[in-house]
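**Student:** Enclosed is the structure file input_36.txt (compact mmCIF, N, CA and C atoms).
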```
# COMPACT_ATOMS: atom_id res chain seq x y z
N MET F 1 0.85 -1.17 0.00
CA MET F 1 0.00 0.00 0.00
C MET F 1 0.90 1.24 0.00
N SER F 2 0.61 2.19 -0.87
CA SER F 2 1.43 3.38 -0.97
C SER F 2 1.22 4.29 0.24
N SER F 3 2.19 5.17 0.49
CA SER F 3 2.07 6.09 1.62
C SER F 3 0.91 7.06 1.39
N HIS F 4 0.67 7.42 0.12
CA HIS F 4 -0.46 8.30 -0.20
C HIS F 4 -1.78 7.63 0.20
N THR F 5 -1.91 6.34 -0.07
CA THR F 5 -3.11 5.59 0.29
C THR F 5 -3.25 5.50 1.80
N LYS F 6 -2.14 5.25 2.50
CA LYS F 6 -2.18 5.16 3.97
C LYS F 6 -2.63 6.48 4.58
N PHE F 7 -2.08 7.57 4.08
CA PHE F 7 -2.47 8.88 4.60
C PHE F 7 -3.94 9.17 4.29
N SER F 8 -4.38 8.80 3.12
CA SER F 8 -5.79 9.01 2.75
C SER F 8 -6.71 8.24 3.67
N LEU F 9 -6.35 7.01 4.01
CA LEU F 9 -7.17 6.21 4.92
C LEU F 9 -7.17 6.78 6.34
N LEU F 10 -6.01 7.26 6.79
CA LEU F 10 -5.94 7.88 8.12
C LEU F 10 -6.85 9.10 8.18
N ILE F 11 -6.83 9.91 7.14
CA ILE F 11 -7.68 11.10 7.09
C ILE F 11 -9.14 10.69 7.04
N PHE F 12 -9.46 9.71 6.22
CA PHE F 12 -10.84 9.23 6.07
C PHE F 12 -11.41 8.76 7.41
N PHE F 13 -10.68 7.91 8.12
CA PHE F 13 -11.17 7.39 9.39
C PHE F 13 -11.21 8.48 10.47
N GLY F 14 -10.19 9.33 10.48
CA GLY F 14 -10.18 10.44 11.44
C GLY F 14 -11.37 11.37 11.24
N CYS F 15 -11.69 11.65 9.99
CA CYS F 15 -12.81 12.54 9.67
C CYS F 15 -14.14 11.92 10.11
N GLY F 16 -14.30 10.63 9.90
CA GLY F 16 -15.52 9.95 10.33
C GLY F 16 -15.69 9.99 11.83
N ILE F 17 -14.62 9.74 12.56
CA ILE F 17 -14.67 9.77 14.02
C ILE F 17 -14.94 11.20 14.51
N GLY F 18 -14.28 12.17 13.90
CA GLY F 18 -14.50 13.56 14.26
C GLY F 18 -15.93 13.99 14.01
N GLY F 19 -16.51 13.55 12.90
CA GLY F 19 -17.89 13.87 12.59
C GLY F 19 -18.86 13.30 13.61
N LEU F 20 -18.59 12.08 14.05
CA LEU F 20 -19.43 11.48 15.10
C LEU F 20 -19.35 12.27 16.40
N PHE F 21 -18.13 12.64 16.78
CA PHE F 21 -17.97 13.43 18.01
C PHE F 21 -18.68 14.77 17.89
N ARG F 22 -18.59 15.39 16.73
CA ARG F 22 -19.29 16.66 16.49
C ARG F 22 -20.80 16.47 16.69
N TYR F 23 -21.34 15.44 16.11
CA TYR F 23 -22.77 15.15 16.21
C TYR F 23 -23.18 14.91 17.65
N TRP F 24 -22.42 14.07 18.36
CA TRP F 24 -22.76 13.74 19.74
C TRP F 24 -22.67 14.96 20.65
N ILE F 25 -21.58 15.70 20.58
CA ILE F 25 -21.38 16.84 21.46
C ILE F 25 -22.40 17.94 21.17
N SER F 26 -22.66 18.21 19.89
CA SER F 26 -23.67 19.23 19.54
C SER F 26 -25.03 18.85 20.09
N ASN F 27 -25.43 17.61 19.91
CA ASN F 27 -26.75 17.19 20.38
C ASN F 27 -26.87 17.21 21.90
N ILE F 28 -25.81 16.85 22.59
CA ILE F 28 -25.82 16.93 24.05
C ILE F 28 -25.97 18.39 24.49
N ALA F 29 -25.23 19.28 23.83
CA ALA F 29 -25.32 20.71 24.16
C ALA F 29 -26.72 21.23 23.92
N TYR F 30 -27.33 20.87 22.79
CA TYR F 30 -28.68 21.34 22.50
C TYR F 30 -29.71 20.74 23.45
N LEU F 31 -29.49 19.52 23.88
CA LEU F 31 -30.38 18.89 24.87
C LEU F 31 -30.34 19.66 26.19
N ILE F 32 -29.15 20.04 26.60
CA ILE F 32 -28.98 20.70 27.89
C ILE F 32 -29.32 22.19 27.81
N LEU F 33 -28.88 22.86 26.74
CA LEU F 33 -28.97 24.32 26.67
C LEU F 33 -30.09 24.84 25.76
N GLY F 34 -30.71 23.95 25.00
CA GLY F 34 -31.77 24.38 24.09
C GLY F 34 -31.22 24.85 22.75
N ARG F 35 -32.14 25.22 21.85
CA ARG F 35 -31.76 25.61 20.50
C ARG F 35 -32.00 27.09 20.20
N SER F 36 -32.17 27.90 21.24
CA SER F 36 -32.40 29.33 21.00
C SER F 36 -31.14 30.05 20.54
N PHE F 37 -29.99 29.43 20.75
CA PHE F 37 -28.69 29.96 20.35
C PHE F 37 -27.86 28.76 19.88
N PRO F 38 -26.99 28.94 18.89
CA PRO F 38 -26.21 27.79 18.39
C PRO F 38 -25.09 27.35 19.35
N PHE F 39 -25.50 26.94 20.56
CA PHE F 39 -24.52 26.51 21.57
C PHE F 39 -23.72 25.29 21.13
N GLY F 40 -24.36 24.34 20.46
CA GLY F 40 -23.66 23.13 20.03
C GLY F 40 -22.49 23.46 19.12
N THR F 41 -22.74 24.32 18.14
CA THR F 41 -21.69 24.73 17.21
C THR F 41 -20.60 25.52 17.94
N LEU F 42 -21.00 26.41 18.82
CA LEU F 42 -20.03 27.20 19.58
C LEU F 42 -19.12 26.29 20.41
N ILE F 43 -19.71 25.33 21.12
CA ILE F 43 -18.92 24.42 21.96
C ILE F 43 -17.97 23.59 21.11
N VAL F 44 -18.44 23.09 19.97
CA VAL F 44 -17.58 22.30 19.10
C VAL F 44 -16.46 23.16 18.53
N ASN F 45 -16.76 24.38 18.10
CA ASN F 45 -15.71 25.25 17.55
C ASN F 45 -14.68 25.63 18.61
N VAL F 46 -15.13 25.92 19.81
CA VAL F 46 -14.18 26.30 20.87
C VAL F 46 -13.32 25.10 21.27
N SER F 47 -13.94 23.95 21.51
CA SER F 47 -13.16 22.78 21.90
C SER F 47 -12.27 22.31 20.74
N GLY F 48 -12.75 22.42 19.51
CA GLY F 48 -11.94 22.05 18.35
C GLY F 48 -10.74 22.96 18.18
N SER F 49 -10.91 24.25 18.46
CA SER F 49 -9.80 25.19 18.37
C SER F 49 -8.75 24.89 19.44
N PHE F 50 -9.21 24.59 20.65
CA PHE F 50 -8.28 24.21 21.72
C PHE F 50 -7.51 22.95 21.34
N LEU F 51 -8.23 21.93 20.87
CA LEU F 51 -7.58 20.68 20.48
C LEU F 51 -6.61 20.89 19.32
N ALA F 52 -6.96 21.77 18.39
CA ALA F 52 -6.07 22.06 17.26
C ALA F 52 -4.76 22.64 17.77
N GLY F 53 -4.85 23.59 18.68
CA GLY F 53 -3.63 24.17 19.23
C GLY F 53 -2.81 23.16 20.01
N LEU F 54 -3.47 22.39 20.85
CA LEU F 54 -2.78 21.40 21.68
C LEU F 54 -2.16 20.30 20.82
N LEU F 55 -2.95 19.73 19.93
CA LEU F 55 -2.47 18.62 19.11
C LEU F 55 -1.41 19.06 18.11
N LEU F 56 -1.57 20.26 17.55
CA LEU F 56 -0.58 20.78 16.63
C LEU F 56 0.78 20.85 17.32
N THR F 57 0.77 21.38 18.54
CA THR F 57 2.01 21.50 19.29
C THR F 57 2.59 20.13 19.62
N LEU F 58 1.75 19.25 20.14
CA LEU F 58 2.26 17.93 20.54
C LEU F 58 2.72 17.11 19.35
N VAL F 59 1.95 17.11 18.27
CA VAL F 59 2.27 16.27 17.12
C VAL F 59 3.43 16.83 16.31
N LEU F 60 3.37 18.10 15.96
CA LEU F 60 4.37 18.67 15.08
C LEU F 60 5.68 19.00 15.78
N GLU F 61 5.60 19.37 17.05
CA GLU F 61 6.82 19.77 17.75
C GLU F 61 7.44 18.66 18.58
N ARG F 62 6.71 17.57 18.81
CA ARG F 62 7.22 16.56 19.74
C ARG F 62 7.50 15.19 19.13
N TYR F 63 6.70 14.77 18.18
CA TYR F 63 6.84 13.42 17.64
C TYR F 63 7.50 13.46 16.28
N ASP F 64 8.72 13.00 16.21
CA ASP F 64 9.44 13.03 14.94
C ASP F 64 8.97 11.94 13.99
N GLY F 65 9.03 10.68 14.41
CA GLY F 65 8.71 9.57 13.53
C GLY F 65 7.24 9.43 13.19
N ALA F 66 6.37 9.62 14.17
CA ALA F 66 4.94 9.42 13.95
C ALA F 66 4.22 10.71 13.57
N GLY F 67 4.94 11.82 13.50
CA GLY F 67 4.32 13.11 13.25
C GLY F 67 3.42 13.18 12.03
N PRO F 68 3.90 12.78 10.85
CA PRO F 68 3.04 12.90 9.66
C PRO F 68 1.77 12.04 9.74
N GLN F 69 1.87 10.85 10.29
CA GLN F 69 0.70 9.99 10.41
C GLN F 69 -0.30 10.54 11.42
N LEU F 70 0.21 10.98 12.58
CA LEU F 70 -0.66 11.57 13.60
C LEU F 70 -1.29 12.85 13.09
N ARG F 71 -0.53 13.64 12.37
CA ARG F 71 -1.05 14.89 11.80
C ARG F 71 -2.19 14.58 10.83
N ALA F 72 -2.00 13.59 9.98
CA ALA F 72 -3.04 13.23 9.02
C ALA F 72 -4.30 12.77 9.73
N PHE F 73 -4.14 11.90 10.72
CA PHE F 73 -5.29 11.34 11.42
C PHE F 73 -5.98 12.37 12.31
N LEU F 74 -5.21 13.04 13.17
CA LEU F 74 -5.80 13.93 14.17
C LEU F 74 -6.15 15.32 13.63
N LEU F 75 -5.17 15.98 13.03
CA LEU F 75 -5.38 17.38 12.64
C LEU F 75 -6.19 17.52 11.36
N ILE F 76 -5.85 16.75 10.35
CA ILE F 76 -6.58 16.87 9.08
C ILE F 76 -7.88 16.08 9.15
N GLY F 77 -7.81 14.84 9.63
CA GLY F 77 -8.98 13.97 9.66
C GLY F 77 -9.93 14.29 10.79
N PHE F 78 -9.53 13.97 12.02
CA PHE F 78 -10.44 14.13 13.16
C PHE F 78 -10.95 15.55 13.30
N LEU F 79 -10.05 16.53 13.36
CA LEU F 79 -10.49 17.91 13.55
C LEU F 79 -11.19 18.46 12.32
N GLY F 80 -10.85 17.97 11.14
CA GLY F 80 -11.56 18.37 9.93
C GLY F 80 -13.01 17.92 9.96
N GLY F 81 -13.26 16.74 10.51
CA GLY F 81 -14.62 16.24 10.64
C GLY F 81 -15.34 16.81 11.86
N TYR F 82 -14.58 17.24 12.84
CA TYR F 82 -15.15 17.69 14.11
C TYR F 82 -15.56 19.16 14.10
N THR F 83 -14.70 20.02 13.63
CA THR F 83 -15.01 21.45 13.72
C THR F 83 -16.08 21.85 12.73
N THR F 84 -16.74 22.95 13.03
CA THR F 84 -17.96 23.28 12.29
C THR F 84 -18.02 24.75 11.90
N PHE F 85 -16.94 25.29 11.43
CA PHE F 85 -16.97 26.71 11.13
C PHE F 85 -17.94 27.06 10.02
N SER F 86 -18.16 26.15 9.10
CA SER F 86 -19.16 26.43 8.06
C SER F 86 -20.56 26.48 8.68
N SER F 87 -20.83 25.64 9.66
CA SER F 87 -22.11 25.70 10.36
C SER F 87 -22.24 27.02 11.11
N PHE F 88 -21.17 27.46 11.72
CA PHE F 88 -21.16 28.76 12.40
C PHE F 88 -21.59 29.86 11.44
N SER F 89 -21.05 29.86 10.25
CA SER F 89 -21.37 30.90 9.27
C SER F 89 -22.84 30.88 8.88
N VAL F 90 -23.35 29.70 8.57
CA VAL F 90 -24.74 29.58 8.14
C VAL F 90 -25.70 29.93 9.28
N GLU F 91 -25.38 29.48 10.49
CA GLU F 91 -26.25 29.79 11.64
C GLU F 91 -26.23 31.29 11.96
N THR F 92 -25.09 31.93 11.78
CA THR F 92 -25.02 33.36 12.03
C THR F 92 -25.86 34.13 11.01
N VAL F 93 -25.79 33.72 9.75
CA VAL F 93 -26.63 34.35 8.72
C VAL F 93 -28.11 34.14 9.05
N ALA F 94 -28.46 32.94 9.52
CA ALA F 94 -29.85 32.66 9.89
C ALA F 94 -30.31 33.58 11.02
N LEU F 95 -29.44 33.82 12.00
CA LEU F 95 -29.79 34.73 13.09
C LEU F 95 -30.02 36.15 12.56
N ILE F 96 -29.17 36.58 11.64
CA ILE F 96 -29.32 37.91 11.04
C ILE F 96 -30.62 38.00 10.25
N GLU F 97 -30.90 36.98 9.45
CA GLU F 97 -32.10 36.99 8.62
C GLU F 97 -33.39 36.97 9.43
N THR F 98 -33.32 36.43 10.64
CA THR F 98 -34.53 36.41 11.49
C THR F 98 -34.57 37.61 12.44
N GLY F 99 -33.67 38.57 12.22
CA GLY F 99 -33.69 39.79 13.01
C GLY F 99 -33.04 39.68 14.38
N LYS F 100 -32.33 38.60 14.64
CA LYS F 100 -31.69 38.40 15.94
C LYS F 100 -30.25 38.92 15.87
N TRP F 101 -30.14 40.23 15.68
CA TRP F 101 -28.84 40.86 15.49
C TRP F 101 -27.93 40.71 16.71
N LEU F 102 -28.48 40.87 17.89
CA LEU F 102 -27.67 40.75 19.10
C LEU F 102 -27.09 39.33 19.23
N SER F 103 -27.93 38.32 18.98
CA SER F 103 -27.45 36.94 19.02
C SER F 103 -26.40 36.69 17.95
N ALA F 104 -26.60 37.25 16.76
CA ALA F 104 -25.63 37.08 15.67
C ALA F 104 -24.29 37.70 16.06
N CYS F 105 -24.32 38.92 16.58
CA CYS F 105 -23.08 39.59 17.00
C CYS F 105 -22.41 38.84 18.15
N MET F 106 -23.22 38.37 19.09
CA MET F 106 -22.68 37.61 20.21
C MET F 106 -22.03 36.32 19.71
N ASN F 107 -22.66 35.64 18.74
CA ASN F 107 -22.10 34.42 18.18
C ASN F 107 -20.77 34.70 17.48
N ILE F 108 -20.71 35.77 16.71
CA ILE F 108 -19.46 36.13 16.02
C ILE F 108 -18.37 36.46 17.03
N PHE F 109 -18.70 37.29 18.00
CA PHE F 109 -17.72 37.70 19.01
C PHE F 109 -17.23 36.52 19.83
N LEU F 110 -18.17 35.72 20.36
CA LEU F 110 -17.78 34.59 21.20
C LEU F 110 -16.99 33.54 20.42
N SER F 111 -17.47 33.21 19.23
CA SER F 111 -16.79 32.17 18.44
C SER F 111 -15.37 32.58 18.09
N THR F 112 -15.19 33.79 17.60
CA THR F 112 -13.84 34.19 17.20
C THR F 112 -12.93 34.41 18.41
N THR F 113 -13.42 35.10 19.42
CA THR F 113 -12.59 35.38 20.59
C THR F 113 -12.23 34.10 21.35
N LEU F 114 -13.23 33.27 21.62
CA LEU F 114 -12.96 32.04 22.37
C LEU F 114 -12.10 31.07 21.58
N CYS F 115 -12.38 30.91 20.29
CA CYS F 115 -11.63 29.93 19.49
C CYS F 115 -10.16 30.32 19.36
N VAL F 116 -9.88 31.58 19.10
CA VAL F 116 -8.48 32.02 19.00
C VAL F 116 -7.80 31.91 20.36
N SER F 117 -8.50 32.28 21.42
CA SER F 117 -7.93 32.22 22.77
C SER F 117 -7.60 30.80 23.19
N VAL F 118 -8.52 29.86 22.95
CA VAL F 118 -8.23 28.49 23.39
C VAL F 118 -7.24 27.79 22.47
N ALA F 119 -7.14 28.22 21.21
CA ALA F 119 -6.08 27.68 20.34
C ALA F 119 -4.72 28.07 20.92
N TRP F 120 -4.59 29.33 21.33
CA TRP F 120 -3.37 29.79 21.96
C TRP F 120 -3.12 29.03 23.26
N LEU F 121 -4.16 28.85 24.07
CA LEU F 121 -4.04 28.11 25.32
C LEU F 121 -3.58 26.67 25.06
N GLY F 122 -4.14 26.05 24.03
CA GLY F 122 -3.73 24.69 23.68
C GLY F 122 -2.26 24.61 23.30
N ILE F 123 -1.79 25.60 22.54
CA ILE F 123 -0.37 25.65 22.16
C ILE F 123 0.50 25.80 23.40
N VAL F 124 0.15 26.72 24.28
CA VAL F 124 0.91 26.94 25.51
C VAL F 124 0.91 25.68 26.37
N LEU F 125 -0.26 25.07 26.56
CA LEU F 125 -0.36 23.86 27.36
C LEU F 125 0.43 22.71 26.74
N GLY F 126 0.35 22.58 25.43
CA GLY F 126 1.12 21.53 24.75
C GLY F 126 2.62 21.68 24.98
N ARG F 127 3.09 22.91 24.97
CA ARG F 127 4.52 23.15 25.21
C ARG F 127 4.89 22.89 26.67
N ILE F 128 4.01 23.24 27.58
CA ILE F 128 4.26 23.01 29.01
C ILE F 128 4.28 21.51 29.31
N LEU F 129 3.33 20.78 28.74
CA LEU F 129 3.24 19.34 29.01
C LEU F 129 4.47 18.58 28.53
N TRP F 130 5.12 19.10 27.54
CA TRP F 130 6.24 18.36 26.97
C TRP F 130 7.58 18.79 27.53
N THR F 131 7.61 19.86 28.31
CA THR F 131 8.92 20.30 28.85
C THR F 131 9.19 19.71 30.19
```
Would you mind writing the file's structure down as structure tokens?

**Tutor:**
Amino acid sequence: MSSHTKFSLLIFFGCGIGGLFRYWISNIAYLILGRSFPFGTLIVNVSGSFLAGLLLTLVLERYDGAGPQLRAFLLIGFLGGYTTFSSFSVETVALIETGKWLSACMNIFLSTTLCVSVAWLGIVLGRILWT
């Protein structure tokens, strides 16, 4: 089996697992918090951004031999299937179209601020854990 095929399979399986986690976590959030605000998408985007920062640091900066395989599976596959920024965009437009401007602005502010902040936190934590 070629390395291209191996990487494609790692990405394929990682994406499927990430998609399942996205589905499960979003639905749990909506069960607990309701659907008046896109909490499920926000939680997935924030946790996905944190994991991206943490895993990027651990995989790319720490593992020499397994780095490319772990990167394909975790960062491209799992997080590619898990994060939902396209859903964030569509849900924000829906809030605007229904006149919920405050919710739309809050979603934009919280998603961007929290996601960038926890990505940075994940990078810092990843570096601390490995030193």

**Student:** Would you please work out which residue, of F:Ile43, F:Ile28, F:Ile76, F:Leu33, is nearest to Phe12 (chain F) when using all atoms listed in the file?

**Tutor:** F:Ile76

**Student:** Quick one: of F:Leu70, F:Gly81, F:Ser8, F:Gly53, who's nearest to Phe21 (chain F), counting only N, CA and C atoms?

**Tutor:**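 Closest to Phe21 (chain F), using only N, CA and C atoms: F:Gly81.
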
**Student:** Compile the contact shell of Trp120 (chain F) as an NGL selection string: residues with an atom at most 12 Å away, counting only C-alpha atoms, same-chain residues fewer than 3 positions apart removed.

**Tutor:** :F and (46 or 49-57 or 113-117 or 123-127)

**Student:** Using only N, CA and C atoms, can you tell me which of F:Phe109, F:Trp130, F:Tyr82, F:Phe88 comes closest to Val44 (chain F)?

**Tutor:**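 Ranked by minimum distance to Val44 (chain F), first place goes to F:Tyr82.
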
**Student:** Considering only C-alpha atoms, can you say which of F:Asn45, F:Lys6, F:Phe37, F:Arg62 comes closest to Cys105 (chain F)?

**Tutor:**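 Result for the nearest residue to Cys105 (chain F): F:Phe37.
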